[in-house]
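Some notes on the structure that comes next.
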Amino acid sequence: MLALNGGPKVRTQPFPRWPEYDETESLALARALQQGEWGRHGGKEVQAFEREFAEFGGAPAALAVTNGSHALELALELAGIEPGDEVIVPAYTFVATSTAVQRRGGVPVPVDVTPDTFCLDPAGLDAAATDRTRAVIPVHIGGHVADMDAITAWAAARGVTVVQDAAQAHGATWRGKGLGALGSIATFSFQSTKVITAGEGGALLLPDEETYEAAWTRHNCGRDRELNLATASSNFRVSELTAALLRAQLARFADQNARRAARHTELAAALGEIPGIRLQGRDPRCTGTPHYMTTFVLDQDELGGLDRDTVALALLMEGIPAFGSHQPLHRTDAFWTGATGGARPEELAERCPNAERVGRDGVLVPHQALLGTRQDVDDVATAVAKVLDELPRDGTPAAG
């Protein structure tokens, strides 16, 4: 019997806590505190983190900022996005990808994702482009890298700027290279759920020192190194305390990522044996991923209309951290609060069937489920099999 209906849970023990921390973080905070300088001007932690994160991501430079949303907004500011400019975005992504465009006065133009990786499909770029297209934002969803070969080549041929949304892709690699080595800005989030976190925070990996200096000025209220108010911008500076935490968390990444990779291989194999679900795929050129989310999609042809939200709730009741996937952008109220180019929800739904499917039928299991033992991932697979087997196909809870 399902736990949803009063039966025994598959799992009663908690999964590994997130974030992982110990005295290392306490000592880092004390070090920053005892400097007597808690902002980046005069402190050492932000500069040190930027050097370390740039090396980590294979970039010439990195800039730490207040959060991932601001990182995207700053990247679009650097790209010169102005009111009325169009920016191509994947239809399946967290809504910050499009709201960053809208906050610049731009128009986000959703394009469908591929049916396997759930990342921006380069095949849809030509049809979405107009003479107002100024940028494209590939999102490395769940840590899986979008087709950067095709997207970069398409953009270069048209003079379009590429901004990578790597909020879920810390440490990901493409053809063995870090995201900062791909010739475009990559933006990151350090919000509470991310695989590197200080509760909040963000960063940009930048392709050269000139871009770094422009970003530095803009994140510093538009004030340059000589304190001239050189441009109209905002304050995106991050504190020394946040940077100290991030340095400690960054040092943990390699060990955590190795554990996640091992457990994900086991989980993917186990889930692959369960009829009725399809796992997010991975392009072989994506040579590294942090496995931020393990995503699977319900095959409604086989499962006969099983309700995704009921599946996620049933898994939670079985003791498994599981959530419904992001809604497609055009299914959110937030998307329609800014300039949208005149399209309507039903039009975008017709253009983006893969995003519709993932948004309607996708289930997410967060990365902390991969930080423990083989038994942990076995429990996830056992619970998924149980829920899919015992839930009635009309989506209502099974009778006890």
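Letters A, B, ... go to the chains of the structure tokens in the order shown; residues in each chain start at 1; ligands are counted from 1 in the same order.
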
>> Can you pull out the residues contacting A:Arg218? Cut-off 8 Å, using only C-alpha atoms, and skip same-chain residues under 5 positions away; I want them as a ChimeraX atom specification.
In response: /A:74,223-224,231-235

Could you save those same residues with C-alpha atoms as a PDB file, in the first residue's frame?
ATOM      1  CA  LEU A  74      24.493  42.125 -15.751  1.00  0.00           C
ATOM      2  CA  ARG A 223      31.795  53.483 -10.920  1.00  0.00           C
ATOM      3  CA  ASP A 224      35.171  52.541 -12.401  1.00  0.00           C
ATOM      4  CA  THR A 231      27.881  54.483 -16.703  1.00  0.00           C
ATOM      5  CA  ALA A 232      24.387  54.073 -15.322  1.00  0.00           C
ATOM      6  CA  SER A 233      24.160  50.704 -13.597  1.00  0.00           C
ATOM      7  CA  SER A 234      23.450  49.259 -10.144  1.00  0.00           C
ATOM      8  CA  ASN A 235      25.059  47.724  -7.075  1.00  0.00           C
TER       9      ASN A 235
END

>> I'd like the neighbourhood of A:Tyr21 as JSON, numbers by chain, where a residue qualifies if any of its atoms comes within 12 Å (using only C-alpha atoms), though same-chain residues fewer than 6 positions away should be ignored.
In response: {"A": [27, 28, 196, 197, 198, 245, 246, 248, 249, 250, 251, 252, 253, 256]}

With C-alpha atoms kept, could you save the residues just selected as a PDB file, in the first residue's frame?
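Saved as result.pdb:
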ATOM      1  CA  LEU A  27      36.765  29.349  10.178  1.00  0.00           C
ATOM      2  CA  ALA A  28      36.174  30.973   6.786  1.00  0.00           C
ATOM      3  CA  ILE A 196      27.894  25.378  -4.558  1.00  0.00           C
ATOM      4  CA  THR A 197      26.005  27.643  -2.184  1.00  0.00           C
ATOM      5  CA  ALA A 198      26.248  30.446   0.335  1.00  0.00           C
ATOM      6  CA  LEU A 245      31.555  30.778   2.521  1.00  0.00           C
ATOM      7  CA  LEU A 246      31.769  30.211  -1.218  1.00  0.00           C
ATOM      8  CA  ALA A 248      34.891  26.866   1.579  1.00  0.00           C
ATOM      9  CA  GLN A 249      32.064  25.336  -0.461  1.00  0.00           C
ATOM     10  CA  LEU A 250      34.080  25.435  -3.683  1.00  0.00           C
ATOM     11  CA  ALA A 251      36.814  23.430  -1.983  1.00  0.00           C
ATOM     12  CA  ARG A 252      34.242  20.688  -1.280  1.00  0.00           C
ATOM     13  CA  PHE A 253      33.001  20.442  -4.844  1.00  0.00           C
ATOM     14  CA  GLN A 256      30.882  15.933  -3.705  1.00  0.00           C
TER      15      GLN A 256
END

Close residues, stretch 117-123 of chain A itself excluded, 6 Å, only C-alpha atoms, min 3 positions apart in chain, as a tab-separated table (two decimals) with all heavy atoms, in the first residue's frame:
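Printed below is part-v3.tsv as written:
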chain	number	residue	atom	x	y	z
A	90	PRO	N	15.26	29.26	-23.99
A	90	PRO	CA	14.53	27.99	-24.06
A	90	PRO	C	13.17	28.11	-23.39
A	90	PRO	O	13.03	28.78	-22.37
A	90	PRO	CB	15.45	27.01	-23.32
A	90	PRO	CG	16.27	27.87	-22.42
A	90	PRO	CD	16.43	29.20	-23.10
A	113	VAL	N	12.85	22.96	-26.59
A	113	VAL	CA	14.03	22.22	-26.16
A	113	VAL	C	14.08	20.88	-26.89
A	113	VAL	O	13.10	20.44	-27.50
A	113	VAL	CB	14.02	22.01	-24.64
A	113	VAL	CG1	14.11	23.35	-23.92
A	113	VAL	CG2	12.78	21.24	-24.17
A	114	THR	N	15.22	20.22	-26.83
A	114	THR	CA	15.33	18.91	-27.46
A	114	THR	C	14.56	17.88	-26.64
A	114	THR	O	14.40	18.04	-25.42
A	114	THR	CB	16.80	18.46	-27.57
A	114	THR	OG1	17.31	18.19	-26.27
A	114	THR	CG2	17.65	19.53	-28.24
A	138	PRO	N	21.41	29.96	-24.00
A	138	PRO	CA	21.29	28.53	-23.75
A	138	PRO	C	21.33	28.27	-22.25
A	138	PRO	O	22.19	28.82	-21.54
A	138	PRO	CB	22.51	27.94	-24.45
A	138	PRO	CG	23.50	29.07	-24.51
A	138	PRO	CD	22.72	30.34	-24.57
A	146	ALA	N	23.96	22.51	-22.96
A	146	ALA	CA	23.29	22.64	-24.24
A	146	ALA	C	24.29	22.48	-25.38
A	146	ALA	O	25.51	22.48	-25.17
A	146	ALA	CB	22.61	24.01	-24.32
A	151	ILE	N	25.00	26.26	-31.19
A	151	ILE	CA	24.48	27.56	-30.76
A	151	ILE	C	25.51	28.66	-30.97
A	151	ILE	O	25.21	29.75	-31.47
A	151	ILE	CB	24.02	27.49	-29.29
A	151	ILE	CG1	22.81	26.56	-29.16
A	151	ILE	CG2	23.68	28.88	-28.76
A	151	ILE	CD1	22.47	26.18	-27.73
A	280	GLN	N	16.25	12.14	-18.48
A	280	GLN	CA	16.93	13.17	-19.25
A	280	GLN	C	18.19	12.58	-19.87
A	280	GLN	O	18.96	11.88	-19.21
A	280	GLN	CB	17.31	14.35	-18.34
A	280	GLN	CG	18.01	15.48	-19.07
A	280	GLN	CD	18.40	16.62	-18.12
A	280	GLN	OE1	18.36	16.46	-16.91
A	280	GLN	NE2	18.75	17.76	-18.68
A	281	GLY	N	18.38	12.84	-21.16
A	281	GLY	CA	19.54	12.33	-21.85
A	281	GLY	C	20.75	13.25	-21.72
A	281	GLY	O	20.66	14.33	-21.14
A	282	ARG	N	21.85	12.81	-22.27
A	282	ARG	CA	23.09	13.59	-22.18
A	282	ARG	C	23.85	13.50	-23.50
A	282	ARG	O	24.13	12.42	-23.99
A	282	ARG	CB	23.95	13.05	-21.03
A	282	ARG	CG	25.29	13.75	-20.87
A	282	ARG	CD	25.89	13.33	-19.55
A	282	ARG	NE	27.29	13.66	-19.41
A	282	ARG	CZ	28.02	13.35	-18.35
A	282	ARG	NH1	27.44	12.70	-17.33
A	282	ARG	NH2	29.28	13.67	-18.28

> Near A:Val297, counting only C-alpha atoms, which residues have an atom at most 10 Å away, once you skip same-chain residues fewer than 6 positions from it, shown as a list of chain:residue names?
Replying inline: A:Gly276, A:Ile277, A:Arg278, A:Leu279, A:Gln280, A:Arg308, A:Gly324, A:Ser325, A:Arg357, A:Val358, A:Gly359, A:Arg360, A:Asp361, A:Gly362, A:Val363, A:Leu364

Suppose we keep all heavy atoms; can you now write the selection as a short mmCIF file (atom, residue, chain, number, x, y, z; two decimals), in the first residue's frame?
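Saved file result_18.cif follows:
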data_model
loop_
_atom_site.label_atom_id
_atom_site.label_comp_id
_atom_site.auth_asym_id
_atom_site.auth_seq_id
_atom_site.Cartn_x
_atom_site.Cartn_y
_atom_site.Cartn_z
N GLY A 276 7.72 3.03 -18.27
CA GLY A 276 6.86 4.21 -18.19
C GLY A 276 7.56 5.51 -17.87
O GLY A 276 6.88 6.54 -17.75
N ILE A 277 8.89 5.51 -17.75
CA ILE A 277 9.58 6.77 -17.52
C ILE A 277 10.74 6.91 -18.49
O ILE A 277 11.29 5.92 -18.98
CB ILE A 277 10.10 6.92 -16.07
CG1 ILE A 277 11.12 5.84 -15.73
CG2 ILE A 277 8.94 6.90 -15.09
CD1 ILE A 277 11.75 6.04 -14.36
N ARG A 278 11.09 8.18 -18.77
CA ARG A 278 12.21 8.47 -19.66
C ARG A 278 13.13 9.47 -18.98
O ARG A 278 12.71 10.57 -18.63
CB ARG A 278 11.70 9.05 -20.98
CG ARG A 278 12.79 9.37 -21.98
CD ARG A 278 12.20 9.79 -23.30
NE ARG A 278 13.26 10.11 -24.25
CZ ARG A 278 13.02 10.47 -25.51
NH1 ARG A 278 11.79 10.54 -25.96
NH2 ARG A 278 14.03 10.76 -26.32
N LEU A 279 14.38 9.06 -18.80
CA LEU A 279 15.36 9.91 -18.14
C LEU A 279 15.87 11.00 -19.08
O LEU A 279 15.93 10.81 -20.30
CB LEU A 279 16.56 9.09 -17.67
CG LEU A 279 16.41 8.32 -16.36
CD1 LEU A 279 17.53 7.30 -16.24
CD2 LEU A 279 16.46 9.29 -15.18
N GLN A 280 16.25 12.14 -18.48
CA GLN A 280 16.93 13.17 -19.25
C GLN A 280 18.19 12.58 -19.87
O GLN A 280 18.96 11.88 -19.21
CB GLN A 280 17.31 14.35 -18.34
CG GLN A 280 18.01 15.48 -19.07
CD GLN A 280 18.40 16.62 -18.12
OE1 GLN A 280 18.36 16.46 -16.91
NE2 GLN A 280 18.75 17.76 -18.68
N ARG A 308 1.23 13.80 -12.97
CA ARG A 308 2.58 14.05 -12.47
C ARG A 308 2.58 14.57 -11.03
O ARG A 308 3.39 14.13 -10.20
CB ARG A 308 3.29 15.04 -13.40
CG ARG A 308 4.77 15.28 -13.08
CD ARG A 308 5.04 16.35 -12.01
NE ARG A 308 4.35 17.58 -12.23
CZ ARG A 308 4.76 18.54 -13.08
NH1 ARG A 308 5.85 18.39 -13.77
NH2 ARG A 308 4.05 19.66 -13.19
N GLY A 324 7.70 18.38 -8.92
CA GLY A 324 7.36 18.60 -10.32
C GLY A 324 8.37 19.52 -10.98
O GLY A 324 8.99 20.37 -10.34
N SER A 325 8.56 19.34 -12.28
CA SER A 325 9.56 20.13 -13.01
C SER A 325 9.07 21.56 -13.21
O SER A 325 7.93 21.90 -12.92
CB SER A 325 9.83 19.48 -14.36
OG SER A 325 8.62 19.30 -15.07
N ARG A 357 5.78 18.93 -22.71
CA ARG A 357 5.79 17.57 -22.15
C ARG A 357 6.62 17.51 -20.87
O ARG A 357 6.18 16.94 -19.86
CB ARG A 357 6.37 16.60 -23.19
CG ARG A 357 6.41 15.14 -22.74
CD ARG A 357 6.85 14.25 -23.90
NE ARG A 357 8.16 14.64 -24.39
CZ ARG A 357 9.32 14.16 -23.93
NH1 ARG A 357 9.32 13.28 -22.95
NH2 ARG A 357 10.46 14.56 -24.45
N VAL A 358 7.81 18.11 -20.89
CA VAL A 358 8.65 18.07 -19.69
C VAL A 358 8.00 18.86 -18.56
O VAL A 358 7.98 18.43 -17.41
CB VAL A 358 10.06 18.62 -19.99
CG1 VAL A 358 10.94 18.53 -18.74
CG2 VAL A 358 10.72 17.85 -21.13
N GLY A 359 7.44 20.02 -18.89
CA GLY A 359 6.80 20.83 -17.85
C GLY A 359 5.58 20.18 -17.25
O GLY A 359 5.29 20.34 -16.07
N ARG A 360 4.86 19.39 -18.05
CA ARG A 360 3.64 18.74 -17.57
C ARG A 360 3.93 17.42 -16.86
O ARG A 360 3.30 17.08 -15.85
CB ARG A 360 2.72 18.47 -18.76
CG ARG A 360 1.39 17.81 -18.39
CD ARG A 360 0.59 17.43 -19.64
NE ARG A 360 1.30 16.47 -20.46
CZ ARG A 360 1.72 16.72 -21.71
NH1 ARG A 360 1.52 17.88 -22.27
NH2 ARG A 360 2.36 15.77 -22.40
N ASP A 361 4.93 16.65 -17.37
CA ASP A 361 5.12 15.28 -16.91
C ASP A 361 6.47 15.01 -16.28
O ASP A 361 6.79 13.86 -15.95
CB ASP A 361 4.93 14.31 -18.09
CG ASP A 361 3.51 14.34 -18.64
OD1 ASP A 361 2.58 14.49 -17.85
OD2 ASP A 361 3.34 14.22 -19.88
N GLY A 362 7.30 16.05 -16.09
CA GLY A 362 8.63 15.85 -15.54
C GLY A 362 8.65 15.80 -14.02
O GLY A 362 7.91 16.52 -13.34
N VAL A 363 9.50 14.93 -13.48
CA VAL A 363 9.71 14.80 -12.02
C VAL A 363 11.19 15.00 -11.74
O VAL A 363 12.06 14.46 -12.45
CB VAL A 363 9.25 13.41 -11.52
CG1 VAL A 363 9.51 13.28 -10.02
CG2 VAL A 363 7.77 13.19 -11.82
N LEU A 364 11.50 15.78 -10.71
CA LEU A 364 12.87 16.12 -10.34
C LEU A 364 13.24 15.50 -9.00
O LEU A 364 12.47 15.59 -8.04
CB LEU A 364 13.05 17.64 -10.24
CG LEU A 364 12.51 18.51 -11.37
CD1 LEU A 364 12.71 19.98 -11.03
CD2 LEU A 364 13.20 18.16 -12.68
#

>> Between A:Ala314, A:Ala230, A:Ala214, A:Leu388, which residue has the minimum interatomic distance to A:Ile274, considering only C-alpha atoms?
In response: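 Ranked by minimum distance to A:Ile274, first place goes to A:Leu388.
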
>> as an MDAnalysis selection string, please: every residue in stretch 178-233 of chain A that a backbone DSSP assignment puts in strand (DSSP E or B).
In response: chainID A and resid 178 185:189 191 199 201:206 220 223 229

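Of note, atom CA of A:Val89 and atom CA of A:Gln368 are spaced 28.0 Å apart.
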
>> Please determine, counting only C-alpha atoms, which residue among A:Arg351, A:His70, A:Arg225, A:Arg51 has the shortest atom-to-atom distance to A:Val111.
In response: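 Of A:Arg351, A:His70, A:Arg225, A:Arg51, the one nearest A:Val111, counting only C-alpha atoms, is A:Arg351.
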
>> as a VMD selection string, please: the residues near stretch 188-190 of chain A (cut-off 10 Å, only C-alpha atoms, same-chain neighbours under 4 positions excluded).
In response: chain A and resid 64 to 72 164 to 170 194 to 205 242 246
